[in-house]
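Source file: input_28.csv (CSV, C-alpha atoms)
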```csv
chain,number,residue,atom,x,y,z
A,1,MET,CA,20.6,33.4,-21.3
A,2,HIS,CA,18.0,31.2,-23.0
A,3,SER,CA,19.3,28.2,-21.0
A,4,ASP,CA,18.9,30.2,-17.7
A,5,ARG,CA,15.4,31.1,-18.5
A,6,ALA,CA,14.5,27.4,-19.4
A,7,SER,CA,16.1,26.3,-16.1
A,8,LEU,CA,14.1,28.9,-14.1
A,9,GLY,CA,10.9,27.8,-15.9
A,10,LEU,CA,11.5,24.2,-15.0
A,11,LYS,CA,12.2,25.1,-11.4
A,12,ILE,CA,8.9,27.1,-11.2
A,13,ALA,CA,7.0,24.2,-12.9
A,14,ALA,CA,8.5,21.7,-10.4
A,15,ILE,CA,7.6,23.9,-7.4
A,16,THR,CA,4.1,24.4,-8.7
A,17,GLY,CA,3.6,20.7,-9.2
A,18,LEU,CA,4.9,19.9,-5.7
A,19,LEU,CA,2.6,22.5,-4.1
A,20,PHE,CA,-0.4,21.1,-6.1
A,21,LEU,CA,0.4,17.6,-4.8
A,22,HIS,CA,1.3,18.4,-1.2
A,23,LEU,CA,-0.5,21.6,-0.1
A,24,PRO,CA,-3.8,19.8,0.6
A,25,ILE,CA,-1.9,17.4,2.9
A,26,LEU,CA,-0.3,20.4,4.7
A,27,LEU,CA,-3.8,21.9,5.2
A,28,ILE,CA,-5.0,18.6,6.8
A,29,PHE,CA,-2.1,18.8,9.2
A,30,LEU,CA,-2.8,22.5,9.9
A,31,TYR,CA,-6.5,21.9,10.7
A,32,ALA,CA,-5.7,19.1,13.1
A,33,PHE,CA,-4.5,21.9,15.4
A,34,THR,CA,-7.2,24.4,14.9
A,35,THR,CA,-9.4,25.6,17.8
A,36,GLU,CA,-12.4,25.8,15.6
A,37,GLU,CA,-14.5,22.6,15.7
A,38,LYS,CA,-17.0,22.8,12.9
A,39,SER,CA,-15.6,25.1,10.1
A,40,TYR,CA,-12.5,25.6,8.2
A,41,GLN,CA,-11.3,29.2,8.6
A,42,PHE,CA,-8.1,30.4,7.0
A,43,PRO,CA,-6.0,31.3,8.7
A,44,PRO,CA,-7.2,29.2,11.7
A,45,PRO,CA,-8.4,31.4,14.6
A,46,GLY,CA,-6.0,29.6,16.9
A,47,LEU,CA,-3.9,26.5,17.4
A,48,THR,CA,-4.3,23.8,20.1
A,49,LEU,CA,-3.3,20.2,20.8
A,50,LYS,CA,-6.5,19.2,22.5
A,51,TRP,CA,-7.9,17.3,19.5
A,52,PHE,CA,-5.2,14.7,19.8
A,53,GLY,CA,-6.4,14.0,23.4
A,54,VAL,CA,-10.0,13.9,22.2
A,55,ALA,CA,-9.1,11.5,19.4
A,56,TRP,CA,-7.3,9.3,21.9
A,57,GLY,CA,-10.4,9.1,24.1
A,58,ARG,CA,-12.9,8.4,21.3
A,59,ASP,CA,-14.0,4.8,21.7
A,60,ASP,CA,-15.3,4.6,18.1
A,61,ILE,CA,-11.8,5.1,16.6
A,62,TRP,CA,-10.0,2.2,18.2
A,63,PRO,CA,-11.9,-0.8,16.7
A,64,PRO,CA,-11.5,0.5,13.1
A,65,LEU,CA,-7.8,1.2,13.7
A,66,ILE,CA,-7.2,-2.3,15.1
A,67,LEU,CA,-9.2,-3.9,12.3
A,68,SER,CA,-7.2,-2.0,9.7
A,69,LEU,CA,-3.9,-3.1,11.2
A,70,GLU,CA,-5.1,-6.7,11.4
A,71,VAL,CA,-6.3,-6.7,7.8
A,72,ALA,CA,-3.1,-5.0,6.5
A,73,ALA,CA,-0.8,-7.4,8.4
A,74,ILE,CA,-2.6,-10.6,7.3
A,75,ALA,CA,-3.0,-9.4,3.7
A,76,THR,CA,0.7,-8.6,3.6
A,77,VAL,CA,1.7,-12.0,4.8
A,78,VAL,CA,-0.5,-13.7,2.2
A,79,ALA,CA,0.9,-11.4,-0.5
A,80,ILE,CA,4.5,-12.1,0.5
A,81,ILE,CA,4.0,-15.9,0.3
A,82,LEU,CA,1.9,-16.0,-2.9
A,83,GLY,CA,3.8,-13.1,-4.6
A,84,THR,CA,7.1,-14.8,-4.0
A,85,LEU,CA,6.0,-18.1,-5.4
A,86,VAL,CA,4.4,-16.5,-8.4
A,87,SER,CA,7.4,-14.4,-9.2
A,88,ALA,CA,9.7,-17.5,-8.9
A,89,ALA,CA,7.6,-19.4,-11.3
A,90,MET,CA,7.4,-16.5,-13.8
A,91,SER,CA,11.1,-15.6,-13.7
A,92,ARG,CA,12.6,-19.1,-13.6
A,93,THR,CA,10.5,-21.1,-16.1
A,94,LYS,CA,9.5,-20.6,-19.7
A,95,PHE,CA,6.2,-21.8,-21.0
A,96,PHE,CA,3.6,-21.0,-23.6
A,97,GLY,CA,1.5,-18.0,-22.6
A,98,ARG,CA,3.8,-16.7,-19.9
A,99,GLU,CA,3.5,-13.1,-21.0
A,100,GLN,CA,-0.3,-13.3,-21.0
A,101,ILE,CA,-0.3,-14.8,-17.6
A,102,SER,CA,2.0,-12.1,-16.4
A,103,LEU,CA,-0.5,-9.5,-17.6
A,104,LEU,CA,-3.3,-11.3,-15.7
A,105,ILE,CA,-1.2,-11.2,-12.5
A,106,LEU,CA,-0.7,-7.4,-12.9
A,107,LEU,CA,-4.4,-6.8,-13.8
A,108,PRO,CA,-5.8,-6.3,-10.3
A,109,ILE,CA,-3.5,-3.2,-9.7
A,110,ALA,CA,-4.4,-1.8,-13.1
A,111,LEU,CA,-8.1,-2.1,-12.9
A,112,PRO,CA,-10.2,0.6,-11.2
A,113,GLY,CA,-10.9,-0.4,-7.6
A,114,VAL,CA,-14.6,-0.2,-8.1
A,115,ILE,CA,-14.3,-3.0,-10.8
A,116,THR,CA,-12.3,-5.2,-8.5
A,117,GLY,CA,-14.7,-4.5,-5.6
A,118,MET,CA,-17.8,-5.4,-7.7
A,119,ALA,CA,-16.1,-8.5,-9.0
A,120,LEU,CA,-15.2,-9.7,-5.5
A,121,ARG,CA,-18.6,-8.9,-4.2
A,122,SER,CA,-20.3,-10.9,-7.0
A,123,ALA,CA,-17.9,-13.8,-6.4
A,124,PHE,CA,-18.7,-13.8,-2.6
A,125,SER,CA,-22.4,-13.8,-3.3
A,126,VAL,CA,-22.2,-16.6,-5.9
A,127,MET,CA,-20.2,-18.7,-3.4
A,128,ASP,CA,-22.4,-17.7,-0.5
A,129,ILE,CA,-19.4,-16.4,1.5
A,130,PRO,CA,-20.6,-14.2,4.4
A,131,TYR,CA,-18.9,-10.8,4.7
A,132,SER,CA,-16.3,-10.7,7.4
A,133,VAL,CA,-12.7,-9.7,8.2
A,134,TRP,CA,-11.6,-12.5,5.8
A,135,THR,CA,-13.5,-11.1,2.8
A,136,ILE,CA,-11.7,-7.8,3.4
A,137,ILE,CA,-8.3,-9.6,3.6
A,138,LEU,CA,-9.1,-11.5,0.3
A,139,GLY,CA,-10.0,-8.2,-1.4
A,140,HIS,CA,-6.8,-6.5,-0.2
A,141,ALA,CA,-4.6,-9.5,-1.1
A,142,THR,CA,-5.6,-9.2,-4.8
A,143,PHE,CA,-3.6,-6.0,-5.2
A,144,CYS,CA,-1.0,-6.6,-2.4
A,145,ILE,CA,0.2,-9.8,-4.3
A,146,VAL,CA,0.9,-7.6,-7.3
A,147,ILE,CA,3.1,-5.2,-5.2
A,148,VAL,CA,5.2,-8.0,-3.8
A,149,TYR,CA,5.4,-9.7,-7.2
A,150,ASN,CA,6.7,-6.6,-8.9
A,151,ASN,CA,9.6,-6.3,-6.4
A,152,ALA,CA,10.4,-10.0,-6.2
A,153,VAL,CA,10.3,-10.6,-9.9
A,154,ALA,CA,12.7,-7.7,-10.5
A,155,ARG,CA,15.1,-9.1,-8.0
A,156,PHE,CA,14.8,-12.7,-9.4
A,157,ARG,CA,15.8,-11.4,-12.8
A,158,ARG,CA,19.0,-9.9,-11.3
A,159,ILE,CA,20.0,-13.2,-9.6
A,160,SER,CA,22.3,-15.2,-11.8
A,161,GLY,CA,21.1,-18.8,-12.4
A,162,GLY,CA,24.8,-19.8,-12.0
A,163,ILE,CA,24.7,-19.4,-8.2
A,164,LEU,CA,21.7,-21.7,-8.0
A,165,GLU,CA,23.4,-24.3,-10.1
A,166,ALA,CA,26.6,-23.9,-8.0
A,167,SER,CA,24.5,-24.5,-4.8
A,168,SER,CA,23.1,-27.7,-6.3
A,169,ASP,CA,26.5,-28.9,-7.4
A,170,LEU,CA,27.8,-28.4,-3.9
A,171,GLY,CA,25.1,-30.8,-2.6
A,172,ALA,CA,22.5,-28.3,-1.3
A,173,ASN,CA,18.9,-29.4,-1.6
A,174,GLY,CA,16.1,-27.1,-2.7
A,175,PHE,CA,15.3,-25.9,0.8
A,176,GLN,CA,18.9,-25.2,1.6
A,177,THR,CA,19.4,-23.3,-1.7
A,178,PHE,CA,16.3,-21.2,-0.9
A,179,ARG,CA,17.4,-20.6,2.7
A,180,HIS,CA,21.1,-19.8,2.1
A,181,VAL,CA,21.2,-18.4,-1.4
A,182,LEU,CA,17.8,-17.1,-2.6
A,183,LEU,CA,16.4,-15.7,0.6
A,184,PRO,CA,19.5,-13.4,1.4
A,185,ASN,CA,19.3,-12.1,-2.2
A,186,LEU,CA,15.5,-11.6,-2.0
A,187,GLY,CA,15.3,-10.3,1.5
A,188,SER,CA,15.3,-6.5,0.9
A,189,ALA,CA,13.0,-6.8,-2.1
A,190,LEU,CA,10.4,-8.9,-0.2
A,191,LEU,CA,10.7,-6.5,2.8
A,192,ALA,CA,10.1,-3.5,0.5
A,193,GLY,CA,7.2,-5.2,-1.2
A,194,GLY,CA,5.7,-6.1,2.1
A,195,MET,CA,6.0,-2.6,3.4
A,196,LEU,CA,4.3,-1.2,0.3
A,197,ALA,CA,1.6,-3.8,0.5
A,198,PHE,CA,0.9,-3.0,4.1
A,199,ALA,CA,0.7,0.7,3.4
A,200,LEU,CA,-1.7,0.3,0.5
A,201,SER,CA,-3.9,-2.2,2.4
A,202,PHE,CA,-4.1,0.1,5.5
A,203,ASP,CA,-5.5,3.1,3.6
A,204,GLU,CA,-7.7,1.2,1.0
A,205,VAL,CA,-11.2,2.4,0.7
A,206,ILE,CA,-12.9,1.4,-2.5
A,207,VAL,CA,-12.3,-2.4,-2.4
A,208,THR,CA,-13.0,-2.4,1.3
A,209,THR,CA,-16.4,-0.8,0.7
A,210,PHE,CA,-17.5,-3.7,-1.4
A,211,THR,CA,-16.1,-6.5,0.7
A,212,ALA,CA,-16.5,-5.3,4.3
A,213,GLY,CA,-20.2,-5.8,5.0
A,214,GLN,CA,-20.9,-4.3,8.4
A,215,GLN,CA,-17.2,-4.1,9.3
A,216,SER,CA,-15.5,-0.7,9.4
A,217,THR,CA,-11.8,-0.1,8.8
A,218,LEU,CA,-10.2,3.2,9.7
A,219,PRO,CA,-10.5,4.7,6.2
A,220,ILE,CA,-14.2,3.8,6.0
A,221,TRP,CA,-14.6,5.4,9.5
A,222,MET,CA,-13.0,8.6,8.1
A,223,LEU,CA,-15.2,8.6,5.1
A,224,GLN,CA,-18.3,8.3,7.3
A,225,GLU,CA,-17.1,11.1,9.5
A,226,LEU,CA,-16.6,13.4,6.5
A,227,VAL,CA,-20.1,12.8,5.4
A,228,ARG,CA,-21.6,13.3,8.9
A,229,PRO,CA,-19.0,15.2,10.8
A,230,ARG,CA,-19.1,15.6,14.6
A,231,GLN,CA,-15.6,17.0,15.3
A,232,ARG,CA,-13.8,17.9,12.1
A,233,PRO,CA,-10.4,18.3,13.7
A,234,VAL,CA,-10.5,14.8,15.1
A,235,THR,CA,-10.9,13.4,11.6
A,236,ASN,CA,-7.8,15.4,10.6
A,237,VAL,CA,-5.9,13.9,13.6
A,238,VAL,CA,-6.8,10.4,12.4
A,239,ALA,CA,-5.7,11.4,8.9
A,240,ILE,CA,-2.3,12.3,10.2
A,241,VAL,CA,-2.1,8.8,11.8
A,242,VAL,CA,-3.1,7.2,8.5
A,243,PHE,CA,-0.5,9.4,6.7
A,244,MET,CA,2.3,8.3,9.0
A,245,VAL,CA,1.4,4.6,9.0
A,246,THR,CA,1.4,4.6,5.2
A,247,PHE,CA,4.2,7.1,4.5
A,248,LEU,CA,6.9,5.5,6.7
A,249,PRO,CA,6.7,2.0,5.1
A,250,ILE,CA,6.7,3.6,1.6
A,251,LEU,CA,9.8,5.7,2.5
A,252,CYS,CA,11.6,2.6,3.8
A,253,ALA,CA,10.6,0.6,0.8
A,254,TYR,CA,12.0,3.3,-1.5
A,255,TYR,CA,15.4,3.3,0.3
A,256,LEU,CA,15.5,-0.5,0.3
A,257,THR,CA,14.9,-0.7,-3.5
A,258,ARG,CA,16.0,2.5,-5.0
A,259,ASP,CA,18.7,1.2,-7.3
A,260,GLY,CA,17.5,0.8,-10.8
A,261,ASP,CA,15.6,-2.3,-11.7
A,262,GLN,CA,14.5,-2.9,-8.2
A,263,THR,CA,12.6,0.3,-7.7
A,264,ALA,CA,9.7,-0.5,-5.3
A,265,GLY,CA,6.4,-0.6,-7.0
A,266,GLY,CA,7.9,0.1,-10.4
A,267,GLY,CA,5.2,-2.0,-12.1
A,268,LYS,CA,2.4,0.2,-10.5
```
Go ahead and render the structure in this file as structure tokens.
Amino acid sequence: MHSDRASLGLKIAAITGLLFLHLPILLIFLYAFTTEEKSYQFPPPGLTLKWFGVAWGRDDIWPPLILSLEVAAIATVVAIILGTLVSAAMSRTKFFGREQISLLILLPIALPGVITGMALRSAFSVMDIPYSVWTIILGHATFCIVIVYNNAVARFRRISGGILEASSDLGANGFQTFRHVLLPNLGSALLAGGMLAFALSFDEVIVTTFTAGQQSTLPIWMLQELVRPRQRPVTNVVAIVVFMVTFLPILCAYYLTRDGDQTAGGGK
């Protein structure tokens, strides 16, 4: 009897936690279909699909959306290249201070975004770098590299050094070993890390605020619309788009790296 009560209590606690986490998201979805334009009535007075058409026709939404996609794509490519190289160096070599350097690599994802943003803004000012799309990309790459690194270094640690030695013994050069041995073993980890990096870059707000200058990504556009709303349901429609663009890569990354040590984003 006591065990049944404990089990019931755990189930209730789990359901309560899930509702606390996800009920606000469900409300955003609901109010994307409301017929009311300027207020949040519950329950909504009616449901309609017209706001999706209104959002599609709003010219001020497309430039931030395209910019967010461009920034996320380029930051992800940079993160995959640098994150893979760093993870290879950290997992395949031993040197003095390796653990301390590993901590420094992980630091950007552990620090509050406002600290990272202020540091980047100060660095850009000192180096007299004008704010542009590239400053946003550099800002996003700081934490995207960590995401790829976490996935790649976990996979590197699972790869036996013996297969690399065997490849060399059979006459393969470094590039051939990478192409035919390392890359097939790293493929899913890098893909998962890239998907996570893309998702986090696409919906980043804080670091973007400090590095964007006059540029406006889609999350920044949403923040401005919440402060000075014109059509509240349109903002909710855009929120659904952001949710889908971020949720799907994260879901794919989870299924690609769900076995034990390789869990995507485990270091975060």
- Note on the structure: For Val245 (chain A), the closest of A:Ser68, A:Thr84, A:Thr116, A:Thr135 counting all atoms listed in the file is A:Ser68
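Of the residues listed (A:Phe96, A:Tyr254, A:Phe29, A:Phe143), A:Phe143 shows the shortest atom-to-atom separation from Leu82 (chain A); distances use only C-alpha atoms.
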- Item | Shortest interatomic distance to Arg232 (chain A) - which of A:Ala253, A:Ala32, A:Ile101, A:Ala152, counting only C-alpha atoms | A:Ala32
Which residues of region 65-178 of chain A sit at most 8 Å from region 195-215 of chain A, using all atoms listed in the file? Give each one's shortest atom pair and distance in Å (one decimal place), in chain and ascending residue order, as a Markdown table.
```
| residue | atom | partner | partner_atom | distance |
| --- | --- | --- | --- | --- |
| A:Ser68 | CA | A:Phe202 | CA | 5.6 |
| A:Leu69 | CA | A:Phe202 | CA | 6.5 |
| A:Val71 | CA | A:Ser201 | CA | 7.4 |
| A:Ala72 | CA | A:Ser201 | CA | 5.0 |
| A:Ala73 | CA | A:Phe198 | CA | 6.4 |
| A:Ala75 | CA | A:Ser201 | CA | 7.4 |
| A:Thr76 | CA | A:Phe198 | CA | 5.6 |
| A:Ala79 | CA | A:Ala197 | CA | 7.7 |
| A:Gly113 | CA | A:Val207 | CA | 5.7 |
| A:Val114 | CA | A:Ile206 | CA | 6.1 |
| A:Thr116 | CA | A:Val207 | CA | 6.7 |
| A:Gly117 | CA | A:Val207 | CA | 4.5 |
| A:Met118 | CA | A:Phe210 | CA | 6.5 |
| A:Leu120 | CA | A:Thr211 | CA | 7.0 |
| A:Arg121 | CA | A:Thr211 | CA | 6.0 |
| A:Tyr131 | CA | A:Gly213 | CA | 5.2 |
| A:Ser132 | CA | A:Ala212 | CA | 6.2 |
| A:Val133 | CA | A:Ala212 | CA | 7.0 |
| A:Thr135 | CA | A:Thr211 | CA | 5.7 |
| A:Ile136 | CA | A:Thr211 | CA | 5.3 |
| A:Gly139 | CA | A:Val207 | CA | 6.3 |
| A:His140 | CA | A:Ser201 | CA | 5.8 |
| A:Cys144 | CA | A:Ala197 | CA | 4.8 |
| A:Ile145 | CA | A:Ala197 | CA | 7.8 |
| A:Ile147 | CA | A:Ala197 | CA | 6.1 |
| A:Val148 | CA | A:Ala197 | CA | 7.0 |
```
- If you count only C-alpha atoms, which residues fall within 12 Å of Gln231 (chain A), apart from same-chain ones fewer than 4 positions away, as a list in words? Tyr31, Ala32, Thr34, Thr35, Glu36, Glu37, Lys38, Ser39, Tyr40, Lys50, Trp51, Phe52, Val54, Ala55, Arg58, Met222, Glu225, Leu226, Val227, Thr235, Asn236, Val237 and Val238 of chain A
- Query: Quick one: distance from CA of Glu99 (chain A) to CA of Arg158 (chain A) in Å, one decimal?
  - Reply: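 Taking CA of Glu99 (chain A) and CA of Arg158 (chain A), their separation equals 18.6 Å.
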- Query: Which value, in Å to one decimal, gives the distance between CA of Leu21 (chain A) and CA of Ile109 (chain A)?
  - Reply: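 Atom-to-atom, CA of Leu21 (chain A) to CA of Ile109 (chain A), that is 21.7 Å.
Going from CA of Gly83 (chain A) to CA of Pro112 (chain A) covers 20.7 Å.
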